[in-house]
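Here is my_file_14.tsv, consisting of TSV, C-alpha atoms:
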```
chain	number	residue	atom	x	y	z
A	26	MET	CA	-17.76	-6.83	-8.29
A	27	LYS	CA	-15.11	-8.40	-6.08
A	28	ILE	CA	-14.14	-6.56	-2.91
A	29	PHE	CA	-10.77	-7.06	-1.26
A	30	ASP	CA	-9.87	-5.63	2.14
A	31	ALA	CA	-6.36	-4.43	1.42
A	32	HIS	CA	-5.42	-3.49	4.98
A	33	MET	CA	-5.91	-5.93	7.87
A	34	HIS	CA	-3.75	-6.67	10.91
A	35	VAL	CA	-2.89	-9.66	13.07
A	36	GLY	CA	-3.29	-9.14	16.80
A	37	GLY	CA	-1.29	-12.23	17.63
A	38	TYR	CA	-3.07	-13.27	20.80
A	39	LEU	CA	-5.76	-15.53	19.37
A	40	PRO	CA	-5.06	-18.73	17.40
A	41	PRO	CA	-5.07	-18.28	13.60
A	42	ASN	CA	-8.43	-19.23	12.11
A	43	PRO	CA	-8.51	-18.45	8.39
A	44	GLU	CA	-11.71	-20.48	7.90
A	45	LYS	CA	-13.65	-18.23	10.29
A	46	LEU	CA	-12.07	-15.12	8.81
A	47	ILE	CA	-13.17	-16.08	5.30
A	48	GLN	CA	-16.67	-16.85	6.58
A	49	ASP	CA	-16.91	-13.45	8.28
A	50	MET	CA	-15.58	-11.71	5.17
A	51	GLU	CA	-18.06	-13.48	2.91
A	52	LYS	CA	-20.94	-12.42	5.17
A	53	ALA	CA	-19.89	-8.84	4.48
A	54	GLY	CA	-19.46	-9.39	0.74
A	55	VAL	CA	-15.65	-9.31	0.90
A	56	SER	CA	-13.68	-11.85	-1.17
A	57	GLY	CA	-10.31	-11.68	0.59
A	58	GLY	CA	-7.54	-9.26	1.39
A	59	CYS	CA	-4.10	-8.48	2.74
A	60	ILE	CA	-3.04	-9.57	6.23
A	61	MET	CA	-0.20	-7.71	7.92
A	62	SER	CA	1.92	-9.59	10.41
A	63	ILE	CA	2.43	-8.89	14.11
A	64	ASP	CA	4.17	-5.61	14.96
A	65	PRO	CA	7.95	-6.19	14.91
A	66	ALA	CA	8.17	-4.04	18.05
A	67	ASP	CA	6.11	-6.57	20.03
A	68	PRO	CA	8.63	-8.15	22.43
A	69	ASN	CA	6.48	-11.24	22.88
A	70	PHE	CA	7.08	-12.54	19.36
A	71	SER	CA	10.30	-13.40	17.56
A	72	TYR	CA	10.64	-12.95	13.82
A	73	GLU	CA	10.09	-16.67	13.30
A	74	GLN	CA	6.93	-16.62	15.40
A	75	ARG	CA	5.62	-13.61	13.50
A	76	MET	CA	6.11	-15.38	10.19
A	77	GLU	CA	4.63	-18.68	11.35
A	78	ASN	CA	1.59	-16.84	12.67
A	79	LEU	CA	1.18	-14.82	9.46
A	80	PHE	CA	1.29	-17.81	7.14
A	81	SER	CA	-1.07	-19.74	9.40
A	82	TRP	CA	-3.64	-17.00	8.78
A	83	VAL	CA	-3.58	-17.51	4.99
A	84	LYS	CA	-3.16	-21.31	4.86
A	85	GLY	CA	-5.61	-22.90	2.45
A	86	TYR	CA	-6.74	-19.55	1.05
A	87	GLU	CA	-3.58	-18.32	-0.65
A	88	ASP	CA	-5.57	-17.16	-3.70
A	89	ARG	CA	-7.69	-14.88	-1.48
A	90	LEU	CA	-5.61	-13.99	1.57
A	91	PHE	CA	-2.24	-12.36	0.93
A	92	PRO	CA	0.52	-12.31	3.60
A	93	VAL	CA	2.27	-9.00	4.24
A	94	ALA	CA	5.41	-8.95	6.39
A	95	TRP	CA	5.59	-5.98	8.75
A	96	MET	CA	9.23	-5.01	9.26
A	97	HIS	CA	11.33	-2.26	10.80
A	98	PRO	CA	14.46	-1.29	8.81
A	99	HIS	CA	16.54	-0.99	11.98
A	100	GLU	CA	15.72	-4.43	13.39
A	101	GLU	CA	18.56	-6.92	13.68
A	102	SER	CA	19.52	-8.85	10.51
A	103	ILE	CA	16.85	-7.02	8.52
A	104	GLU	CA	18.23	-7.89	5.07
A	105	LYS	CA	18.35	-11.59	6.00
A	106	LYS	CA	14.77	-11.41	7.26
A	107	ILE	CA	13.60	-9.68	4.07
A	108	LEU	CA	15.12	-12.41	1.92
A	109	ASP	CA	13.68	-15.12	4.15
A	110	ALA	CA	10.19	-13.59	3.92
A	111	ILE	CA	10.53	-13.46	0.13
A	112	ALA	CA	11.57	-17.12	0.08
A	113	ARG	CA	8.39	-17.93	2.03
A	114	SER	CA	6.36	-16.21	-0.74
A	115	VAL	CA	5.27	-13.11	1.15
A	116	ALA	CA	3.05	-10.91	-1.06
A	117	ALA	CA	4.35	-7.55	0.15
A	118	PHE	CA	6.01	-5.70	3.01
A	119	LYS	CA	4.75	-3.12	5.49
A	120	PHE	CA	6.65	-0.31	7.21
A	121	ILE	CA	5.57	2.32	9.74
A	122	PRO	CA	8.02	5.24	9.91
A	123	ASP	CA	7.99	5.79	13.66
A	124	THR	CA	11.61	6.34	14.70
A	125	TYR	CA	12.86	6.92	11.14
A	126	ASN	CA	11.59	8.35	7.86
A	127	VAL	CA	11.66	7.09	4.29
A	128	ALA	CA	14.78	9.14	3.47
A	129	ASP	CA	16.73	7.20	6.11
A	130	GLU	CA	19.80	5.64	4.47
A	131	LYS	CA	19.41	2.22	6.07
A	132	ALA	CA	15.69	2.18	5.31
A	133	GLN	CA	16.36	2.95	1.67
A	134	ARG	CA	18.81	0.05	1.39
A	135	VAL	CA	16.01	-2.22	2.62
A	136	PHE	CA	13.51	-0.68	0.18
A	137	ARG	CA	15.93	-1.24	-2.71
A	138	LEU	CA	16.28	-4.89	-1.78
A	139	ILE	CA	12.50	-5.24	-1.90
A	140	GLU	CA	12.33	-3.32	-5.19
A	141	ALA	CA	14.91	-5.68	-6.71
A	142	HIS	CA	12.50	-8.56	-6.05
A	143	ASP	CA	9.57	-6.64	-7.57
A	144	LEU	CA	7.48	-6.68	-4.42
A	145	PRO	CA	5.43	-3.73	-3.16
A	146	ILE	CA	5.52	-1.87	0.15
A	147	PHE	CA	2.60	-0.72	2.29
A	148	PHE	CA	3.55	2.42	4.23
A	149	HIS	CA	1.75	4.13	7.05
A	150	SER	CA	1.46	7.86	6.39
A	151	GLY	CA	-0.05	10.74	8.33
A	152	ILE	CA	-0.53	11.13	12.05
A	153	LEU	CA	0.56	8.07	14.01
A	154	TYR	CA	-1.09	7.21	17.30
A	155	ASP	CA	1.94	5.94	19.19
A	156	PHE	CA	4.23	6.92	22.07
A	157	ASN	CA	6.88	8.56	19.88
A	158	VAL	CA	7.23	12.05	18.43
A	159	SER	CA	6.62	10.53	15.01
A	160	SER	CA	4.53	12.97	12.96
A	161	GLN	CA	7.72	14.55	11.66
A	162	ASN	CA	8.44	11.21	9.95
A	163	ASN	CA	5.00	10.82	8.40
A	164	ARG	CA	4.30	14.01	6.49
A	165	PRO	CA	3.41	12.86	2.95
A	166	ALA	CA	5.90	15.16	1.21
A	167	LEU	CA	8.72	13.05	2.66
A	168	TRP	CA	7.75	10.26	0.24
A	169	GLU	CA	8.96	12.48	-2.60
A	170	ASN	CA	12.34	10.95	-1.71
A	171	LEU	CA	11.17	7.71	-3.35
A	172	MET	CA	11.31	9.39	-6.77
A	173	GLN	CA	14.91	8.22	-6.96
A	174	PHE	CA	13.79	4.58	-7.15
A	175	GLN	CA	13.47	2.89	-10.51
A	176	LYS	CA	10.22	0.94	-10.22
A	177	LEU	CA	9.22	0.66	-6.55
A	178	ARG	CA	5.48	0.15	-5.98
A	179	PHE	CA	4.35	1.60	-2.69
A	180	SER	CA	1.16	2.74	-1.01
A	181	MET	CA	0.44	5.48	1.49
A	182	ALA	CA	-2.12	4.41	4.08
A	183	HIS	CA	-4.79	6.79	5.36
A	184	CYS	CA	-3.92	9.14	2.46
A	185	GLY	CA	-1.63	10.96	4.85
A	186	ASN	CA	-4.49	12.05	7.14
A	187	PRO	CA	-4.72	14.86	8.26
A	188	TRP	CA	-2.41	16.03	5.46
A	189	VAL	CA	-4.64	14.64	2.72
A	190	ASP	CA	-4.12	17.53	0.30
A	191	GLU	CA	-0.36	17.13	0.62
A	192	CYS	CA	-0.65	13.40	-0.07
A	193	LEU	CA	-2.89	13.91	-3.09
A	194	SER	CA	-0.52	16.51	-4.52
A	195	LEU	CA	2.32	13.99	-4.23
A	196	TYR	CA	0.11	11.33	-5.86
A	197	GLY	CA	-0.44	13.79	-8.69
A	198	LYS	CA	3.29	14.34	-9.07
A	199	PHE	CA	4.08	10.64	-9.31
A	200	ASN	CA	1.38	10.24	-11.96
A	201	TRP	CA	2.77	13.28	-13.80
A	202	ILE	CA	6.33	11.92	-13.95
A	203	GLU	CA	4.96	8.59	-15.15
A	204	HIS	CA	2.99	10.32	-17.92
A	205	HIS	CA	5.99	12.21	-19.28
A	206	THR	CA	8.37	9.25	-18.98
A	207	ARG	CA	5.91	7.02	-20.85
A	208	ALA	CA	5.49	9.71	-23.52
A	209	ALA	CA	9.25	9.94	-23.97
A	210	ALA	CA	9.49	6.14	-24.36
A	211	ARG	CA	6.84	6.25	-27.10
A	212	GLY	CA	8.67	8.99	-28.95
A	213	GLU	CA	5.86	11.44	-28.27
A	214	TYR	CA	6.68	15.07	-27.84
A	215	THR	CA	7.53	16.13	-24.33
A	216	ILE	CA	9.82	18.97	-23.35
A	217	TYR	CA	11.12	16.74	-20.58
A	218	LYS	CA	12.47	13.92	-22.78
A	219	ASP	CA	16.09	15.01	-22.36
A	220	PHE	CA	15.92	15.57	-18.63
A	221	PRO	CA	18.39	13.29	-16.75
A	222	TRP	CA	15.65	11.86	-14.50
A	223	VAL	CA	13.57	10.81	-17.50
A	224	LYS	CA	16.59	9.33	-19.31
A	225	ASN	CA	17.49	7.33	-16.19
A	226	HIS	CA	14.07	5.69	-16.29
A	227	LEU	CA	14.24	4.64	-19.95
A	228	THR	CA	15.88	1.48	-21.27
A	229	GLU	CA	16.66	0.75	-24.91
A	230	THR	CA	16.97	-2.88	-26.04
A	231	ASP	CA	17.21	-3.89	-29.71
A	232	GLY	CA	15.84	-0.53	-30.75
A	233	GLN	CA	12.85	-0.76	-28.40
A	234	ILE	CA	12.53	1.78	-25.60
A	235	THR	CA	10.79	0.79	-22.38
A	236	TRP	CA	10.10	2.85	-19.29
A	237	GLN	CA	9.81	2.33	-15.55
A	238	THR	CA	8.90	4.77	-12.78
A	239	PRO	CA	8.12	4.41	-9.09
A	240	GLN	CA	4.39	3.86	-8.54
A	241	LEU	CA	2.46	5.54	-5.71
A	242	TYR	CA	-0.88	4.02	-4.69
A	243	LEU	CA	-3.38	5.64	-2.33
A	244	ASP	CA	-4.55	3.37	0.49
A	245	THR	CA	-7.86	4.86	1.66
A	246	THR	CA	-7.91	2.88	4.91
A	247	PRO	CA	-9.33	5.12	7.69
A	248	GLY	CA	-7.95	7.71	8.51
A	249	ALA	CA	-10.68	10.12	7.90
A	250	HIS	CA	-14.30	9.36	8.81
A	251	GLY	CA	-17.68	10.98	8.16
A	252	LYS	CA	-17.66	14.26	6.24
A	253	MET	CA	-13.87	14.30	6.30
A	254	ARG	CA	-13.84	10.96	4.47
A	255	GLU	CA	-16.41	12.10	1.92
A	256	ASP	CA	-14.24	15.18	1.31
A	257	MET	CA	-11.18	12.94	0.84
A	258	LEU	CA	-13.03	10.70	-1.63
A	259	GLN	CA	-14.25	13.76	-3.53
A	260	LYS	CA	-10.68	15.04	-3.87
A	261	ILE	CA	-9.48	11.62	-5.06
A	262	HIS	CA	-12.34	11.49	-7.57
A	263	ASP	CA	-11.50	15.00	-8.82
A	264	ARG	CA	-7.92	13.91	-9.51
A	265	SER	CA	-8.78	10.47	-10.89
A	266	PRO	CA	-12.38	9.75	-11.95
A	267	ILE	CA	-11.44	6.09	-12.55
A	268	ALA	CA	-9.68	5.65	-9.17
A	269	ARG	CA	-6.28	5.08	-10.77
A	270	LYS	CA	-3.94	3.51	-8.18
A	271	VAL	CA	-6.42	3.78	-5.31
A	272	PHE	CA	-7.53	0.93	-3.05
A	273	TRP	CA	-9.73	0.28	-0.02
A	274	GLY	CA	-9.10	-1.34	3.35
A	275	SER	CA	-10.53	-1.52	6.86
A	276	ASP	CA	-7.53	-1.58	9.28
A	277	LEU	CA	-9.39	-4.21	11.32
A	278	TYR	CA	-7.77	-7.11	13.17
A	279	VAL	CA	-8.33	-10.46	11.50
A	280	ASP	CA	-8.92	-12.23	14.80
A	281	GLN	CA	-11.73	-9.76	15.58
A	282	TYR	CA	-13.08	-9.25	12.06
A	283	SER	CA	-16.68	-8.04	12.23
A	284	SER	CA	-18.91	-8.63	9.21
A	285	GLU	CA	-21.47	-6.27	10.73
A	286	THR	CA	-18.92	-3.46	11.00
A	287	ILE	CA	-17.72	-4.02	7.43
A	288	ARG	CA	-21.27	-4.07	6.04
A	289	GLN	CA	-21.98	-0.78	7.81
A	290	TRP	CA	-18.75	0.81	6.58
A	291	LEU	CA	-19.34	-0.33	3.00
A	292	ALA	CA	-22.88	1.10	3.10
A	293	GLU	CA	-21.48	4.42	4.30
A	294	GLU	CA	-18.71	4.27	1.70
A	295	ASN	CA	-21.13	3.58	-1.14
A	296	LYS	CA	-23.36	6.42	0.03
A	297	ALA	CA	-20.36	8.75	-0.10
A	298	LEU	CA	-19.41	7.44	-3.55
A	299	ASP	CA	-22.97	8.05	-4.73
A	300	SER	CA	-22.80	11.63	-3.47
A	301	ILE	CA	-19.63	12.39	-5.45
A	302	GLY	CA	-20.89	10.69	-8.63
A	303	ALA	CA	-18.35	7.86	-8.63
A	304	SER	CA	-18.71	5.52	-11.60
A	305	GLN	CA	-18.90	1.73	-11.51
A	306	GLU	CA	-15.34	1.67	-12.89
A	307	PHE	CA	-14.16	3.83	-9.97
A	308	ARG	CA	-15.75	1.41	-7.49
A	309	GLU	CA	-14.45	-1.75	-9.17
A	310	ASN	CA	-10.92	-0.34	-9.24
A	311	MET	CA	-10.92	0.96	-5.67
A	312	TYR	CA	-12.63	-2.04	-4.09
A	313	GLY	CA	-10.76	-4.82	-5.82
A	314	LYS	CA	-8.86	-4.47	-9.06
A	315	ASN	CA	-6.21	-2.00	-7.91
A	316	ILE	CA	-5.00	-4.00	-4.92
A	317	LEU	CA	-4.51	-6.99	-7.23
A	318	ARG	CA	-2.53	-4.76	-9.59
A	319	PHE	CA	-0.47	-3.48	-6.68
A	320	LEU	CA	0.35	-7.07	-5.68
A	321	ASN	CA	0.98	-8.00	-9.31
A	322	ARG	CA	-1.74	-10.67	-9.13
A	323	CYS	CA	-4.21	-9.47	-11.74
A	324	GLY	CA	-2.70	-11.08	-14.83
A	325	GLU	CA	-2.22	-7.77	-16.63
```

Show how you would write the structure in this file as structure tokens.
Amino acid sequence: MKIFDAHMHVGGYLPPNPEKLIQDMEKAGVSGGCIMSIDPADPNFSYEQRMENLFSWVKGYEDRLFPVAWMHPHEESIEKKILDAIARSVAAFKFIPDTYNVADEKAQRVFRLIEAHDLPIFFHSGILYDFNVSSQNNRPALWENLMQFQKLRFSMAHCGNPWVDECLSLYGKFNWIEHHTRAAARGEYTIYKDFPWVKNHLTETDGQITWQTPQLYLDTTPGAHGKMREDMLQKIHDRSPIARKVFWGSDLYVDQYSSETIRQWLAEENKALDSIGASQEFRENMYGKNILRFLNRCGE
């Protein structure tokens, strides 16, 4: 079983060393993962420096380390920066709704630009340890606004902790709308087939009907620890015994990546998965396969 750490950060103050990172990951049984660039709010780094640093961290290991560009929708020339990051072959984008929320008009223009290039977005969700009054922007129900998108793939980090139940209910809703839209495309009976939202997510070409819906993934990066985490995993398992659209990450800094810490966390995670009766399929999906699907790198 391959394990990918889907949620890692760059600190920015130590020289990039992807060789050491891969060595430390391998010691912990981790194959690779997603590296998120320096915080755009850091005044010590320009956009160009952030990108150069990010791609230095993945150089030589592009099949295992995936660069994620952390952006703020209100930063100067944001659309130009998004297109530049895409041209550099960024794997995804990251946003933390601190001084805005996902319903923000300017933010949504940026999200649509990313959607048009079929790239996914990692979002922070839940309580944010910062110096802003930001929790009002990070309640999971706000992401219901992304229903209006056609095919955007996005994840919600920390499962909205401490509002995990709210996040899981939203996850259930996005899966529900996908189910009924797919059924309508197949000509199966659904009382919702004539609803405008469903019709807007169907396309007919040469007599063939295809469907697209926005896709919500759960990013189980801590967040919750101990019994709270076991409770969160139990609730995810209750909703999806195969871990559909769920992935795992550490939230560690790549320049301080600790194989000992990861080994300990994985042991605790597997103990929790044992206690809830998680199958091998659940583990394979959560630990590796789903993040590759999210990034559109699994060949499916």

Legend entry - For atom CA of A:Arg207 and atom CA of A:Thr228, the interatomic separation in Å (one decimal): 11.4 Å

Inset, instruction - Could you tell me how far atom CA of A:Phe148 lies from atom CA of A:Pro40, in Å and to one decimal? - result: 26.4 Å

Inset, instruction - Considering all atoms listed in the file, state which residue in the set A:Pro98, A:Pro165, A:Gly151, A:Pro145 is at the smallest distance from A:Ala116. - result: A:Pro145

Inset, instruction - Extract, using all atoms listed in the file, all DNA, RNA and protein residues at most 12 Å from A:Ser71, discarding same-chain residues fewer than 3 positions from it, and format them as an NGL selection string. - result: :A and (37 or 62-68 or 74-78 or 96 or 100-101 or 106)

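Of note, atom CA of A:Asn42 and atom CA of A:Ser56 are spaced 16.1 Å apart.
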
Inset, instruction - Write out as number ranges by chain which residues come within 9 Å of A:Thr124 when counting only C-alpha atoms, dropping same-chain ones fewer than 4 positions away. - result: A: 157-159, 162

Generate a file of the selected residues that holds C-alpha atoms, formatted as a CSV table (one decimal), in the coordinates of the input.
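Ended up saving to again16.csv:
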```
chain,number,residue,atom,x,y,z
A,157,ASN,CA,6.9,8.6,19.9
A,158,VAL,CA,7.2,12.0,18.4
A,159,SER,CA,6.6,10.5,15.0
A,162,ASN,CA,8.4,11.2,10.0
```

Excluding A:Ile287 and residues on its chain fewer than 3 positions from it, collect all residues at most 9 Å away from it, counting only C-alpha atoms, and give them as an mmCIF file with C-alpha atoms, in the frame of the given file.
```cif
data_model
loop_
_atom_site.group_PDB
_atom_site.id
_atom_site.type_symbol
_atom_site.label_atom_id
_atom_site.label_comp_id
_atom_site.auth_asym_id
_atom_site.auth_seq_id
_atom_site.Cartn_x
_atom_site.Cartn_y
_atom_site.Cartn_z
ATOM 1 C CA MET A 50 -15.580 -11.710 5.170
ATOM 2 C CA ALA A 53 -19.890 -8.840 4.480
ATOM 3 C CA GLY A 54 -19.460 -9.390 0.740
ATOM 4 C CA VAL A 55 -15.650 -9.310 0.900
ATOM 5 C CA SER A 275 -10.530 -1.520 6.860
ATOM 6 C CA TYR A 282 -13.080 -9.250 12.060
ATOM 7 C CA SER A 283 -16.680 -8.040 12.230
ATOM 8 C CA SER A 284 -18.910 -8.630 9.210
ATOM 9 C CA TRP A 290 -18.750 0.810 6.580
ATOM 10 C CA LEU A 291 -19.340 -0.330 3.000
ATOM 11 C CA ALA A 292 -22.880 1.100 3.100
#
```

Sorted by chain and rising residue number, list the residues of stretch 298-318 of chain A at most 12 Å from stretch 233-242 of chain A (counting only C-alpha atoms), each with its closest atom pair and distance in Å to one decimal, as CSV.
```
residue,atom,partner,partner_atom,distance
A:Asn310,CA,A:Tyr242,CA,11.9
A:Met311,CA,A:Tyr242,CA,10.5
A:Asn315,CA,A:Tyr242,CA,8.7
A:Ile316,CA,A:Tyr242,CA,9.0
A:Leu317,CA,A:Tyr242,CA,11.9
A:Arg318,CA,A:Tyr242,CA,10.2
```

Can you write just those residues out, C-alpha atoms, as a short mmCIF file (atom, residue, chain, number, x, y, z; two decimals), in the coordinates of the input?
```cif
data_model
loop_
_atom_site.label_atom_id
_atom_site.label_comp_id
_atom_site.auth_asym_id
_atom_site.auth_seq_id
_atom_site.Cartn_x
_atom_site.Cartn_y
_atom_site.Cartn_z
CA ASN A 310 -10.92 -0.34 -9.24
CA MET A 311 -10.92 0.96 -5.67
CA ASN A 315 -6.21 -2.00 -7.91
CA ILE A 316 -5.00 -4.00 -4.92
CA LEU A 317 -4.51 -6.99 -7.23
CA ARG A 318 -2.53 -4.76 -9.59
#
```

Inset, instruction - Using only C-alpha atoms, pick whichever of A:Asn69, A:Asn225, A:Gln133, A:Asn186 has the shortest atom-to-atom distance to A:Tyr154. - result: A:Asn186

Inset, instruction - With a distance cut-off of 9 Å and only C-alpha atoms, select the neighbouring residues of A:Ala182, excluding the residue or stretch itself and same-chain residues fewer than 4 positions from it, and output the selection as JSON, numbers by chain. - result: {"A": [32, 147, 148, 149, 150, 151, 186, 242, 243, 244, 245, 246, 247, 248]}

Resulting file, chosen residues, C-alpha atoms, as an mmCIF file, in the coordinates of the input:
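Dumped to result.cif:
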```cif
data_model
loop_
_atom_site.group_PDB
_atom_site.id
_atom_site.type_symbol
_atom_site.label_atom_id
_atom_site.label_comp_id
_atom_site.auth_asym_id
_atom_site.auth_seq_id
_atom_site.Cartn_x
_atom_site.Cartn_y
_atom_site.Cartn_z
ATOM 1 C CA HIS A 32 -5.420 -3.490 4.980
ATOM 2 C CA PHE A 147 2.600 -0.720 2.290
ATOM 3 C CA PHE A 148 3.550 2.420 4.230
ATOM 4 C CA HIS A 149 1.750 4.130 7.050
ATOM 5 C CA SER A 150 1.460 7.860 6.390
ATOM 6 C CA GLY A 151 -0.050 10.740 8.330
ATOM 7 C CA ASN A 186 -4.490 12.050 7.140
ATOM 8 C CA TYR A 242 -0.880 4.020 -4.690
ATOM 9 C CA LEU A 243 -3.380 5.640 -2.330
ATOM 10 C CA ASP A 244 -4.550 3.370 0.490
ATOM 11 C CA THR A 245 -7.860 4.860 1.660
ATOM 12 C CA THR A 246 -7.910 2.880 4.910
ATOM 13 C CA PRO A 247 -9.330 5.120 7.690
ATOM 14 C CA GLY A 248 -7.950 7.710 8.510
#
```

The centre and edge lengths of an axis-aligned box containing all atoms of stretch 145-159 of chain A present in the file, extended by 4 Å on each side, are to be given in Å to one decimal, as lines of an AutoDock Vina configuration file.
```
center_x = 3.1
center_y = 4.2
center_z = 9.5
size_x = 16.3
size_y = 23.8
size_z = 33.2
```

Legend entry - A:Ile111 surroundings by only C-alpha atoms, 12 Å radius, close-in-sequence under 2 positions cut, as a ChimeraX atom specification: /A:76,92-94,104-109,113-118,138-145

Return as JSON lines the residues of stretch 102-189 of chain A lying at most 12 Å from stretch 267-270 of chain A, together with the closest atom-to-atom pair for each and the distance in Å to one decimal, counting only C-alpha atoms, with rows in chain order and ascending residue number.
```
{"residue": "A:Arg178", "atom": "CA", "partner": "A:Lys270", "partner_atom": "CA", "distance": 10.2}
{"residue": "A:Phe179", "atom": "CA", "partner": "A:Lys270", "partner_atom": "CA", "distance": 10.1}
{"residue": "A:Ser180", "atom": "CA", "partner": "A:Lys270", "partner_atom": "CA", "distance": 8.8}
{"residue": "A:Met181", "atom": "CA", "partner": "A:Lys270", "partner_atom": "CA", "distance": 10.8}
```
